Amino acid sequence: MTSFKALRVRLSQGTQYITDLRKAVPSGFRGRPILGSGPCASDCEACRDACPTEAIRLYPVTIDLGRCVFCNACVEVCPEKKIVFTPDTMMGAAEREHLVVREGITEPARMKPSQSLSKIFGRSLKLRQVSAGGCNGCELELNALANVNFDLQRFGIEWVASPRHADALVLTGPLTRNMRDAVRLAWDAIPEPRFVVAVGACAISGGLYEGASGVDRDFLESVGPSLYVAGCPPHPLTFVNAILDFLGIG
Amino acid sequence: MSTSVIVHRMNVCDIPTHNPNAWRDDLTKRFRDGHRILTLFGRRDHDRVLITAVLQAQDRSIVLSRSTVTPEFGYHELTSEFPALHCFERELHEQTGVRIAAHAWLKPIRYEGKTQSAMNEYPFYKIEGKEVHEVAVGPVHAGVIEPGSFRFMCLGEQVHHLEIQLGYQHRGVERRLLEREPTRLTPLVETIAGDTSIAHAWAYCSTLESVSDCELDIEVEAARAIALELERVAMHLAGLSGLAADVGFLQGATTYGRLRTTAINTTMRLCGSRFGRGALRPGGVAMRLPPDLLNEVRGNLNLLRRDLPIINECFLASQTVQHRLRSVGVLTEAQAAELGLVGMAARASGIPIDARQEVKSGAYKVLPIPVAIIRDGDCWGRARLRIAEMDASLLWLSTILALYPNWDCPRKRIGSLAPNQIAFALVEGWRGEVIHCLETGATGEVVHYKVQDPSFRNWMGLAIAVRGNEISDFPICNKSFDLSYCGNDL
Ligand code: SF4
């Protein structure tokens, strides 16, 4: 009887596995923006003024995905419809400045895989996640990577419980003062070679909490991230593809 | 003004204001009469501290009561007679420095503005005894979750006392809310507890709409409520998936997990974010529901309503699940009431509070949503309650979508904020009561913004429920309460 029921669950489940994570595009997702190359209305600074995280610079217009929280406020105020958010999730970068979106450029910057790290971690990578002021948005999306849809483990990439078993520290949140010691301890416990992945606008730039009273970003100033995963929160596909590109997998 | 949630606005000068002793007597009398605390907070006003208490009477009306005290004198504590106040008095002391005489335990809630070393120096409660041993867990846990510190005092495998120390996630939310333009706070508010973005955004929008006299159309109310119920369904699915994983019932873990994907992707189709970021904005919503999308949303809801009962039946009938959850982590009705628990944890201990039942108009009045109550108070009860709430929400969603399929209402402009007002909003989020309270000054500027996540009151429920249990059952208890760390730490 029980096994029959179990079978029904299996049947209703079908195949949930996303076969090609490289090509999947979640329709309806507000992802990587593109900026048209047409001129702005004269003296218009509406998008920059509307932005809650100072992600936008003008003359020419750029959007820093390391700061953007995808609130859509800039789109709503732009009289020229210059800013368009696409469902593309490709928003990982190994260099901080590659997160900056420029006018007229429609493709994301290509990541150059790290040769040395790819040789060591290309077939097995263990990640230790530490949240330091994360709102549980990033944490839930990182958890989702291990579910039946995304199945990150297929690439030999896994979350581990102890930093001693980890190869990389995946940080979320703006880095709170009260987590400063714990983040440092976790990092010190990770054996070399190791690297830091900054996930989400908060971790990358402080985001909405840049300069807030409880935030202390000293750690990131001394140990720079090797990989940035943009979003608020980043879609699981953003994370998968960033890691795969970084390690030159697939 | 949003009417599908509880909103209460007053002129500041109309708030009954007492001297400290009379204020304390007023509160004492009201609590003895069956009033319930909703929030209590203070702020420095020159060299004095202004304390505001918001209570709910048994007839569900809202009562405010204020006092101005000097920090050195303060007032005599209320926690020993009314334990539900413990977190409020601790927070009040931490945020304003006011003396709260004879309070037994003024341990900081979140170590605001202090250094990390102050956090490490504060002693945990200890039980002495040769056989007693202490287990320290955290702040970093063995999983992809937020940080918090748990200190167990055990005798053998049995937990005698658990002290939960939070604050690691403290970012400075309340201060930041005052540093930014008050009508443009939604992105920030959506990250107060990022798994409760809709409920917090709604509470924020309601306070603002209330002080700027902005009336909303019922379609907008319905759209917001739809987003809120989708958030509830998604997070209950996430919680059940985690609970199933923790007891080793893997079929539940995977199936609830993939159904959650369907739920959050539905939200994403409406607003562009799987967490409802950008769905609500002051004066309206930023969600769209064109006809083709309506069909897709209906299809998703049908899928959930078809597949969920199958896995629910398996989950509830599984011996592993029952064996691990039944009679574990019990919080009795009396304990829950005494501690002032709210939301699903309270309803799973038999306390019938649910703001969606109390509104006099709006989406939940047009189409009431049945409230689920379970009396067991254990992990099994909390799991069953979440299942019942999902069922109710999914049915409600399908019906309300048929009633209000058109959300094309332009967003209303938020005018200037009326001066000297206090606006209180309470939204029944998936964990429980999300409360925002905003006060304006003489020129309509925001002088205080109080945020309260339900977790703030419910953490103590977990600490008490764990007593007498095996320490190995702690993860299950923790997951069954499913509380927010950042929502508490702000
Ligand atoms: S969508 Fe990004 S760039 Fe645009 S206003 Fe919001 S945070 Fe700024």
# chains A, B, ... in the order shown; residues from 1 in each chain; ligands from 1
>>> closest_atom_pairs(of="chain B", to="ligand 1", cutoff="12 Å", atoms="only C-alpha atoms and all ligand atoms", output="JSON lines")
{"residue": "B:Arg184", "atom": "CA", "partner": "ligand 1", "partner_atom_place_in_ligand_line": "5 (S)", "distance": 10.8}
{"residue": "B:Leu185", "atom": "CA", "partner": "ligand 1", "partner_atom_place_in_ligand_line": "6 (Fe)", "distance": 11.7}
{"residue": "B:Thr186", "atom": "CA", "partner": "ligand 1", "partner_atom_place_in_ligand_line": "6 (Fe)", "distance": 10.8}
{"residue": "B:Pro187", "atom": "CA", "partner": "ligand 1", "partner_atom_place_in_ligand_line": "6 (Fe)", "distance": 8.3}
{"residue": "B:Leu188", "atom": "CA", "partner": "ligand 1", "partner_atom_place_in_ligand_line": "7 (S)", "distance": 10.6}
{"residue": "B:Gly272", "atom": "CA", "partner": "ligand 1", "partner_atom_place_in_ligand_line": "1 (S)", "distance": 11.3}
{"residue": "B:Ser273", "atom": "CA", "partner": "ligand 1", "partner_atom_place_in_ligand_line": "1 (S)", "distance": 11.8}
{"residue": "B:Arg277", "atom": "CA", "partner": "ligand 1", "partner_atom_place_in_ligand_line": "6 (Fe)", "distance": 10.7}
{"residue": "B:Gly278", "atom": "CA", "partner": "ligand 1", "partner_atom_place_in_ligand_line": "6 (Fe)", "distance": 9.3}
>>> interface_residues(of="chain B", to="chain A", cutoff="6 Å", atoms="only C-alpha atoms", output="number ranges by chain")
B: 116, 142-144, 146, 168-172, 191, 193-195, 269, 272, 278, 486
>>> write_last_selection(atoms="N, CA and C atoms", output="mmCIF file, in the first residue's frame")
data_model
loop_
_atom_site.group_PDB
_atom_site.id
_atom_site.type_symbol
_atom_site.label_atom_id
_atom_site.label_comp_id
_atom_site.auth_asym_id
_atom_site.auth_seq_id
_atom_site.Cartn_x
_atom_site.Cartn_y
_atom_site.Cartn_z
ATOM 1 N N GLN B 116 31.859 43.398 19.025
ATOM 2 C CA GLN B 116 31.709 41.954 19.069
ATOM 3 C C GLN B 116 32.147 41.393 20.427
ATOM 4 N N ALA B 142 25.793 24.019 10.768
ATOM 5 C CA ALA B 142 26.160 23.040 9.747
ATOM 6 C C ALA B 142 25.129 22.994 8.629
ATOM 7 N N GLY B 143 24.913 24.099 7.980
ATOM 8 C CA GLY B 143 23.942 24.106 6.893
ATOM 9 C C GLY B 143 23.939 25.472 6.256
ATOM 10 N N VAL B 144 23.178 25.597 5.181
ATOM 11 C CA VAL B 144 23.088 26.896 4.519
ATOM 12 C C VAL B 144 21.958 27.672 5.186
ATOM 13 N N GLU B 146 21.017 30.969 8.367
ATOM 14 C CA GLU B 146 21.515 32.170 9.011
ATOM 15 C C GLU B 146 22.159 31.828 10.359
ATOM 16 N N TYR B 168 23.667 38.317 15.678
ATOM 17 C CA TYR B 168 24.741 38.211 14.691
ATOM 18 C C TYR B 168 24.357 38.826 13.344
ATOM 19 N N GLN B 169 23.065 38.857 13.088
ATOM 20 C CA GLN B 169 22.581 39.359 11.811
ATOM 21 C C GLN B 169 22.253 40.854 11.854
ATOM 22 N N HIS B 170 22.557 41.491 12.965
ATOM 23 C CA HIS B 170 22.140 42.896 13.100
ATOM 24 C C HIS B 170 22.840 43.801 12.086
ATOM 25 N N ARG B 171 22.005 44.375 11.193
ATOM 26 C CA ARG B 171 22.553 45.241 10.145
ATOM 27 C C ARG B 171 22.326 46.708 10.454
ATOM 28 N N GLY B 172 21.293 46.986 11.238
ATOM 29 C CA GLY B 172 20.951 48.381 11.508
ATOM 30 C C GLY B 172 19.759 48.831 10.678
ATOM 31 N N THR B 191 13.844 43.440 2.471
ATOM 32 C CA THR B 191 14.961 42.608 2.945
ATOM 33 C C THR B 191 15.034 42.538 4.470
ATOM 34 N N ALA B 193 13.218 40.705 6.427
ATOM 35 C CA ALA B 193 13.309 39.247 6.482
ATOM 36 C C ALA B 193 12.965 38.819 5.060
ATOM 37 N N GLY B 194 13.985 38.429 4.317
ATOM 38 C CA GLY B 194 13.825 38.249 2.875
ATOM 39 C C GLY B 194 12.905 37.103 2.482
ATOM 40 N N ASP B 195 12.510 36.264 3.453
ATOM 41 C CA ASP B 195 11.548 35.211 3.145
ATOM 42 C C ASP B 195 10.127 35.675 3.454
ATOM 43 N N ARG B 269 6.453 35.036 -11.953
ATOM 44 C CA ARG B 269 5.729 35.397 -13.176
ATOM 45 C C ARG B 269 4.931 36.680 -12.965
ATOM 46 N N GLY B 272 8.441 39.297 -11.333
ATOM 47 C CA GLY B 272 9.836 39.285 -11.756
ATOM 48 C C GLY B 272 10.805 38.734 -10.722
ATOM 49 N N GLY B 278 9.619 43.744 -5.318
ATOM 50 C CA GLY B 278 9.063 44.612 -6.340
ATOM 51 C C GLY B 278 7.575 44.391 -6.588
ATOM 52 N N CYS B 486 17.418 37.209 10.890
ATOM 53 C CA CYS B 486 17.595 38.614 10.527
ATOM 54 C C CYS B 486 16.364 39.432 10.891
#
>>> residues_around(residues="segment 415-431 of chain B", least_positions_apart="2", cutoff="7 Å", atoms="only C-alpha atoms", output="VMD selection string")
chain B and resid 5 to 12 196 199 203 206 to 207 210 to 212 232 343 to 344 354 to 356 413 433 to 444 454
>>> residues_around(residues="segment 76-82 of chain A", least_positions_apart="2", cutoff="9 Å", atoms="only C-alpha atoms", output="VMD selection string")
chain A and resid 34 to 41 44 to 47 50 72 to 74 84 103
>>> write_last_selection(atoms="C-alpha atoms", output="JSON list (two decimals), in the first residue's frame")
[["chain", "number", "residue", "atom", "x", "y", "z"],
["A", 34, "ILE", "CA", 20.58, 45.90, -21.13],
["A", 35, "LEU", "CA", 20.95, 49.59, -21.89],
["A", 36, "GLY", "CA", 19.90, 50.92, -25.26],
["A", 37, "SER", "CA", 22.42, 53.13, -27.03],
["A", 38, "GLY", "CA", 19.94, 55.89, -27.92],
["A", 39, "PRO", "CA", 20.41, 59.31, -26.32],
["A", 40, "CYS", "CA", 18.92, 60.24, -22.97],
["A", 41, "ALA", "CA", 16.35, 63.03, -22.66],
["A", 44, "CYS", "CA", 17.48, 63.68, -17.38],
["A", 45, "GLU", "CA", 18.94, 62.08, -14.28],
["A", 46, "ALA", "CA", 15.78, 60.32, -13.19],
["A", 47, "CYS", "CA", 17.15, 56.79, -13.12],
["A", 50, "ALA", "CA", 15.45, 56.73, -8.31],
["A", 72, "ASN", "CA", 12.78, 48.23, -11.36],
["A", 73, "ALA", "CA", 12.54, 51.84, -10.14],
["A", 74, "CYS", "CA", 14.89, 53.09, -12.88],
["A", 84, "VAL", "CA", 15.34, 46.86, -20.17],
["A", 103, "GLU", "CA", 25.21, 51.09, -23.14]]
>>> closest_residue(among="B:Pro71, B:Gly239, B:Gly329, B:Gly248", to="Leu385 of chain B", atoms="only C-alpha atoms")
B:Gly239
